[in-house]
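Note: the block below is upload17.cif and it holds mmCIF, C-alpha atoms.
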data_data
#
loop_
_atom_site.label_atom_id
_atom_site.label_comp_id
_atom_site.auth_asym_id
_atom_site.auth_seq_id
_atom_site.Cartn_x
_atom_site.Cartn_y
_atom_site.Cartn_z
CA MET A 747 0.00 0.00 0.00
CA LYS A 748 1.24 3.49 -0.84
CA LEU A 749 0.77 4.73 2.72
CA VAL A 750 3.56 2.48 3.98
CA SER A 751 5.92 3.63 1.21
CA ASP A 752 5.12 7.26 2.01
CA VAL A 753 5.81 6.64 5.71
CA VAL A 754 9.08 4.88 4.84
CA ASN A 755 10.08 7.93 2.81
CA LYS A 756 9.26 10.25 5.74
CA MET A 757 11.19 8.03 8.16
CA ILE A 758 14.25 8.10 5.87
CA LEU A 759 14.08 11.89 5.61
CA TYR A 760 13.66 12.19 9.38
CA PHE A 761 16.72 10.03 10.12
CA ASP A 762 18.69 12.27 7.73
CA GLY A 763 21.45 9.94 6.57
CA ASP A 764 21.55 7.73 9.68
CA VAL A 765 21.74 4.59 7.54
CA ARG A 766 22.10 2.21 10.49
CA ARG A 767 18.79 3.36 11.97
CA ILE A 768 17.07 3.48 8.58
CA ASN A 769 18.20 -0.09 7.84
CA HIS A 770 17.09 -1.24 11.29
CA ALA A 771 13.61 0.19 10.72
CA MET A 772 13.38 -1.42 7.30
CA LYS A 773 14.43 -4.83 8.63
CA VAL A 774 11.94 -4.70 11.51
CA TYR A 775 9.25 -3.63 9.05
CA SER A 776 10.07 -6.55 6.76
CA PHE A 777 9.87 -9.13 9.54
CA ALA A 778 6.75 -7.58 11.06
CA LYS A 779 5.00 -7.65 7.67
CA THR A 780 6.12 -11.24 7.08
CA ILE A 781 4.95 -12.48 10.48
CA GLY A 782 1.71 -10.51 10.20
CA GLU A 783 0.91 -12.02 6.81
CA LEU A 784 1.87 -15.54 7.91
CA GLU A 785 -0.35 -15.14 10.97
CA ASN A 786 -3.25 -13.85 8.80
CA ILE A 787 -3.93 -10.92 11.11
CA GLY A 788 -6.17 -9.07 8.65
CA ASN A 789 -5.50 -6.07 6.46
CA ASP A 790 -6.48 -3.31 8.91
CA LYS A 791 -4.31 -4.65 11.72
CA LEU A 792 -1.50 -5.44 9.28
CA LEU A 793 -1.42 -1.85 8.03
CA ILE A 794 -1.21 -0.54 11.60
CA LEU A 795 1.59 -3.02 12.30
CA GLU A 796 3.52 -2.05 9.16
CA VAL A 797 3.36 1.68 9.89
CA ALA A 798 4.27 1.13 13.54
CA ALA A 799 7.21 -1.09 12.54
CA VAL A 800 8.59 1.53 10.16
CA LEU A 801 8.34 4.20 12.88
CA HIS A 802 8.97 2.08 15.99
CA ASP A 803 12.33 3.75 16.82
CA ILE A 804 11.42 7.22 15.57
CA GLY A 805 11.88 8.64 19.08
CA ILE A 806 15.62 7.92 19.18
CA LYS A 807 16.76 11.31 17.90
CA GLU A 808 14.67 13.18 20.49
CA SER A 809 15.78 10.74 23.21
CA GLU A 810 19.40 11.42 22.43
CA ARG A 811 18.80 15.17 22.24
CA LYS A 812 16.83 15.41 25.50
CA TYR A 813 18.32 12.63 27.62
CA ASN A 814 21.64 11.90 25.88
CA SER A 815 20.44 8.31 25.61
CA SER A 816 18.80 5.99 23.09
CA ALA A 817 17.40 3.74 25.84
CA GLY A 818 14.09 2.08 25.11
CA ASN A 819 12.19 3.87 27.87
CA TYR A 820 13.13 7.24 26.38
CA GLN A 821 12.17 6.07 22.88
CA GLU A 822 8.77 5.12 24.26
CA ILE A 823 8.36 8.60 25.78
CA GLU A 824 9.47 10.56 22.72
CA GLY A 825 8.40 8.34 19.82
CA PRO A 826 4.62 8.80 19.78
CA ALA A 827 4.74 12.60 19.39
CA VAL A 828 7.26 12.39 16.54
CA ALA A 829 5.20 9.65 14.85
CA LYS A 830 2.01 11.67 15.23
CA ASP A 831 3.68 14.65 13.54
CA ILE A 832 4.83 12.45 10.67
CA LEU A 833 1.41 10.82 10.24
CA GLU A 834 -0.54 14.08 10.55
CA GLU A 835 -0.30 14.95 6.86
CA PHE A 836 -1.89 11.66 5.74
CA ASN A 837 -5.40 12.42 7.09
CA LEU A 838 -5.63 9.03 8.79
CA ASP A 839 -8.36 7.88 11.12
CA LYS A 840 -7.69 8.95 14.73
CA ASN A 841 -7.99 5.35 15.98
CA PHE A 842 -5.38 4.24 13.44
CA VAL A 843 -2.91 6.94 14.50
CA ASP A 844 -3.62 6.31 18.19
CA ARG A 845 -2.89 2.59 17.82
CA VAL A 846 0.32 3.20 15.86
CA CYS A 847 1.44 5.66 18.54
CA TYR A 848 0.49 3.23 21.29
CA LEU A 849 2.64 0.51 19.72
CA ILE A 850 5.57 2.90 19.31
CA GLY A 851 5.12 4.09 22.88
CA HIS A 852 5.23 0.54 24.24
CA HIS A 853 7.56 -1.42 21.96
CA HIS A 854 10.06 -1.94 24.80
CA THR A 855 7.35 -2.79 27.34
CA TYR A 856 6.78 -6.53 27.27
CA ASN A 857 4.21 -6.95 30.03
CA LYS A 858 1.38 -4.95 28.42
CA ILE A 859 0.95 -6.82 25.14
CA ASP A 860 -2.75 -6.48 24.37
CA ASP A 861 -3.12 -7.75 20.79
CA VAL A 862 -1.37 -9.62 18.00
CA ASP A 863 -0.05 -6.46 16.28
CA TYR A 864 1.84 -5.54 19.46
CA GLN A 865 3.10 -9.12 19.87
CA ILE A 866 4.41 -9.24 16.31
CA LEU A 867 6.16 -5.87 16.58
CA ILE A 868 8.01 -7.13 19.68
CA GLU A 869 9.00 -10.37 17.91
CA ALA A 870 10.20 -8.60 14.75
CA ASP A 871 12.29 -6.13 16.76
CA PHE A 872 13.85 -8.99 18.75
CA ILE A 873 14.66 -10.94 15.57
CA ILE A 874 16.64 -7.97 14.26
CA ASN A 875 18.18 -6.93 17.59
CA ILE A 876 19.49 -10.46 18.19
CA PHE A 877 21.60 -10.16 15.04
CA GLU A 878 22.54 -6.49 15.41
CA ASP A 879 23.56 -6.95 19.07
CA SER A 880 25.29 -10.33 18.51
CA ILE A 881 23.25 -11.98 21.24
CA GLU A 882 24.51 -15.40 22.32
CA LYS A 883 22.50 -18.53 21.51
CA GLU A 884 21.71 -19.26 25.18
CA ARG A 885 20.18 -15.78 25.60
CA VAL A 886 18.26 -16.18 22.32
CA GLU A 887 16.62 -19.30 23.74
CA ILE A 888 15.58 -17.34 26.85
CA ILE A 889 14.19 -14.49 24.72
CA LYS A 890 12.25 -16.94 22.56
CA ASN A 891 10.73 -18.75 25.53
CA LYS A 892 9.87 -15.57 27.39
CA TYR A 893 8.61 -13.26 24.62
CA PHE A 894 7.67 -15.18 21.47
CA LYS A 895 4.07 -16.33 21.09
CA THR A 896 3.23 -16.47 17.37
CA GLU A 897 3.85 -19.67 15.48
CA SER A 898 5.53 -17.74 12.66
CA GLY A 899 7.78 -15.73 14.96
CA ILE A 900 8.86 -18.89 16.79
CA HIS A 901 9.58 -20.59 13.47
CA LEU A 902 11.68 -17.63 12.28
CA ILE A 903 13.75 -17.31 15.45
CA ASP A 904 14.33 -21.08 15.48
CA SER A 905 15.28 -21.14 11.81
CA MET A 906 17.62 -18.18 12.06
CA TYR A 907 19.30 -18.54 15.42
CA LEU A 908 18.63 -21.85 17.16
#
Could you quickly redo this structure as C-alpha cells?
Amino acid sequence: MKLVSDVVNKMILYFDGDVRRINHAMKVYSFAKTIGELENIGNDKLLILEVAAVLHDIGIKESERKYNSSAGNYQEIEGPAVAKDILEEFNLDKNFVDRVCYLIGHHHTYNKIDDVDYQILIEADFIINIFEDSIEKERVEIIKNKYFKTESGIHLIDSMYL
C-alpha cells in the first residue's frame, strides 16, 4: 500500500542519513509484515503493524537530544509525538494513529501486550536486535521462551538462530 511507502520515505528523511537506523527500521518492518501475513492478522491490523514497525524507533533522535540516551524507555516517551507529527499529513483515522502511537510508545514494554499487532512488533524487533547486538545462543533461547508467542515468529527465530 502506498501509505507504507510514504511513511518509509518520511522516516528516511527524518533520520537524515543515519543509515544504520534506517536499515534497522526497514528490517523490523520486513519481519513484522512477514509475520503478520503468515499469521493472517487481517488487512487493517496489518497496516497498523507495518506503519508502527517503520516508525517504531522514531523517538531515538529526540531521546538522544533530551536525555543523551537511546534507551528504550526514552524512545517510548518521545516516539509517539514524533510519529504523530509524521502521520498528521496523511489524514488518517484517529484510531489508526492512536494505535500506531500506542505501539511505538510501548515497543520496549513486554508486560502490556494487548493484541497480536503488538506481539508481532516485539517479535520482529527482537529478531533484528538479536543479530545487530550479537546476542549469544543461550540468551536467544531465553528471549524466545519468554517473549515469542506467534507460530511464525517462533519458526523464524528457530530457523535463524537456534
*A:Phe761, A:Asn786, A:Asn819, A:Lys892 ranked by distance to Lys807 of chain A, top pick (using only C-alpha atoms)*: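 Ranking A:Phe761, A:Asn786, A:Asn819, A:Lys892 by distance to Lys807 of chain A, first place goes to A:Phe761.
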*asked:* When you count all atoms listed in the file, which of these residues is closest to Met757 of chain A: A:Lys773, A:Lys791, A:His802, A:Lys812?
replied: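 Residue with the minimum atom-to-atom distance to Met757 of chain A: A:His802.
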_Suppose a student applies the PyMOL selection byres ((chain A and resi 824-832) around 10) to this structure; what residues should they get, written as a ChimeraX atom specification?_
/A:753,756-757,760,797-798,800-810,812,818-823,833-836,843-852
Please, could you write that set of residues out with C-alpha atoms as an mmCIF file, in the frame of the given file?
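Done, and the output landed in again.cif:
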data_model
loop_
_atom_site.group_PDB
_atom_site.id
_atom_site.type_symbol
_atom_site.label_atom_id
_atom_site.label_comp_id
_atom_site.auth_asym_id
_atom_site.auth_seq_id
_atom_site.Cartn_x
_atom_site.Cartn_y
_atom_site.Cartn_z
ATOM 1 C CA VAL A 753 5.810 6.640 5.710
ATOM 2 C CA LYS A 756 9.260 10.250 5.740
ATOM 3 C CA MET A 757 11.190 8.030 8.160
ATOM 4 C CA TYR A 760 13.660 12.190 9.380
ATOM 5 C CA VAL A 797 3.360 1.680 9.890
ATOM 6 C CA ALA A 798 4.270 1.130 13.540
ATOM 7 C CA VAL A 800 8.590 1.530 10.160
ATOM 8 C CA LEU A 801 8.340 4.200 12.880
ATOM 9 C CA HIS A 802 8.970 2.080 15.990
ATOM 10 C CA ASP A 803 12.330 3.750 16.820
ATOM 11 C CA ILE A 804 11.420 7.220 15.570
ATOM 12 C CA GLY A 805 11.880 8.640 19.080
ATOM 13 C CA ILE A 806 15.620 7.920 19.180
ATOM 14 C CA LYS A 807 16.760 11.310 17.900
ATOM 15 C CA GLU A 808 14.670 13.180 20.490
ATOM 16 C CA SER A 809 15.780 10.740 23.210
ATOM 17 C CA GLU A 810 19.400 11.420 22.430
ATOM 18 C CA LYS A 812 16.830 15.410 25.500
ATOM 19 C CA GLY A 818 14.090 2.080 25.110
ATOM 20 C CA ASN A 819 12.190 3.870 27.870
ATOM 21 C CA TYR A 820 13.130 7.240 26.380
ATOM 22 C CA GLN A 821 12.170 6.070 22.880
ATOM 23 C CA GLU A 822 8.770 5.120 24.260
ATOM 24 C CA ILE A 823 8.360 8.600 25.780
ATOM 25 C CA LEU A 833 1.410 10.820 10.240
ATOM 26 C CA GLU A 834 -0.540 14.080 10.550
ATOM 27 C CA GLU A 835 -0.300 14.950 6.860
ATOM 28 C CA PHE A 836 -1.890 11.660 5.740
ATOM 29 C CA VAL A 843 -2.910 6.940 14.500
ATOM 30 C CA ASP A 844 -3.620 6.310 18.190
ATOM 31 C CA ARG A 845 -2.890 2.590 17.820
ATOM 32 C CA VAL A 846 0.320 3.200 15.860
ATOM 33 C CA CYS A 847 1.440 5.660 18.540
ATOM 34 C CA TYR A 848 0.490 3.230 21.290
ATOM 35 C CA LEU A 849 2.640 0.510 19.720
ATOM 36 C CA ILE A 850 5.570 2.900 19.310
ATOM 37 C CA GLY A 851 5.120 4.090 22.880
ATOM 38 C CA HIS A 852 5.230 0.540 24.240
#
*asked:* With distances taken over all atoms listed in the file, which residue among A:Val862, A:Leu749, A:Leu759, A:Ala817 lies nearest Gly782 of chain A?
replied: A:Val862
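Going from atom CA of Thr896 of chain A over to atom CA of Asn789 of chain A, you cover 17.4 Å.
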*Extract, using all atoms listed in the file, all DNA, RNA and protein residues at most 9 Å from Met772 of chain A, discarding same-chain residues fewer than 5 positions from it, and format them as a VMD selection string.*
chain A and resid 754 767 777 799 to 800
Go ahead and dump the residues you just picked, C-alpha atoms, as a PDB file, in the frame of the given file.
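Contents of again_39.pdb, freshly written:
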ATOM      1  CA  VAL A 754       9.080   4.880   4.840  1.00  0.00           C
ATOM      2  CA  ARG A 767      18.790   3.360  11.970  1.00  0.00           C
ATOM      3  CA  PHE A 777       9.870  -9.130   9.540  1.00  0.00           C
ATOM      4  CA  ALA A 799       7.210  -1.090  12.540  1.00  0.00           C
ATOM      5  CA  VAL A 800       8.590   1.530  10.160  1.00  0.00           C
TER       6      VAL A 800
END
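Using only C-alpha atoms, every residue with an atom at most 8 Å from the point (1.9, -14.9, 10.2) is listed here: A:Thr780, A:Ile781, A:Gly782, A:Glu783, A:Leu784, A:Glu785, A:Asn786, A:Ile787, A:Thr896, A:Glu897, A:Ser898, A:Gly899.
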*Name the residues in contact with segment 874-877 of chain A at a cut-off of 10 Å, using all atoms listed in the file, excluding same-chain residues fewer than 2 positions from it; report them as a PyMOL selection string.*
chain A and resi 770-771+773-774+777+869-872+879-883+885-886+889+903+906-907
Write the selection just made, keeping C-alpha atoms, as a short mmCIF file (atom, residue, chain, number, x, y, z; two decimals), in the coordinates of the input?
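Just written: result-v1.cif:
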data_model
loop_
_atom_site.label_atom_id
_atom_site.label_comp_id
_atom_site.auth_asym_id
_atom_site.auth_seq_id
_atom_site.Cartn_x
_atom_site.Cartn_y
_atom_site.Cartn_z
CA HIS A 770 17.09 -1.24 11.29
CA ALA A 771 13.61 0.19 10.72
CA LYS A 773 14.43 -4.83 8.63
CA VAL A 774 11.94 -4.70 11.51
CA PHE A 777 9.87 -9.13 9.54
CA GLU A 869 9.00 -10.37 17.91
CA ALA A 870 10.20 -8.60 14.75
CA ASP A 871 12.29 -6.13 16.76
CA PHE A 872 13.85 -8.99 18.75
CA ASP A 879 23.56 -6.95 19.07
CA SER A 880 25.29 -10.33 18.51
CA ILE A 881 23.25 -11.98 21.24
CA GLU A 882 24.51 -15.40 22.32
CA LYS A 883 22.50 -18.53 21.51
CA ARG A 885 20.18 -15.78 25.60
CA VAL A 886 18.26 -16.18 22.32
CA ILE A 889 14.19 -14.49 24.72
CA ILE A 903 13.75 -17.31 15.45
CA MET A 906 17.62 -18.18 12.06
CA TYR A 907 19.30 -18.54 15.42
#
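The closest residue to Leu867 of chain A, picked from A:Ile794, A:Ile768, A:Asn837, A:Ser905 and counting all atoms listed in the file, is A:Ile794.
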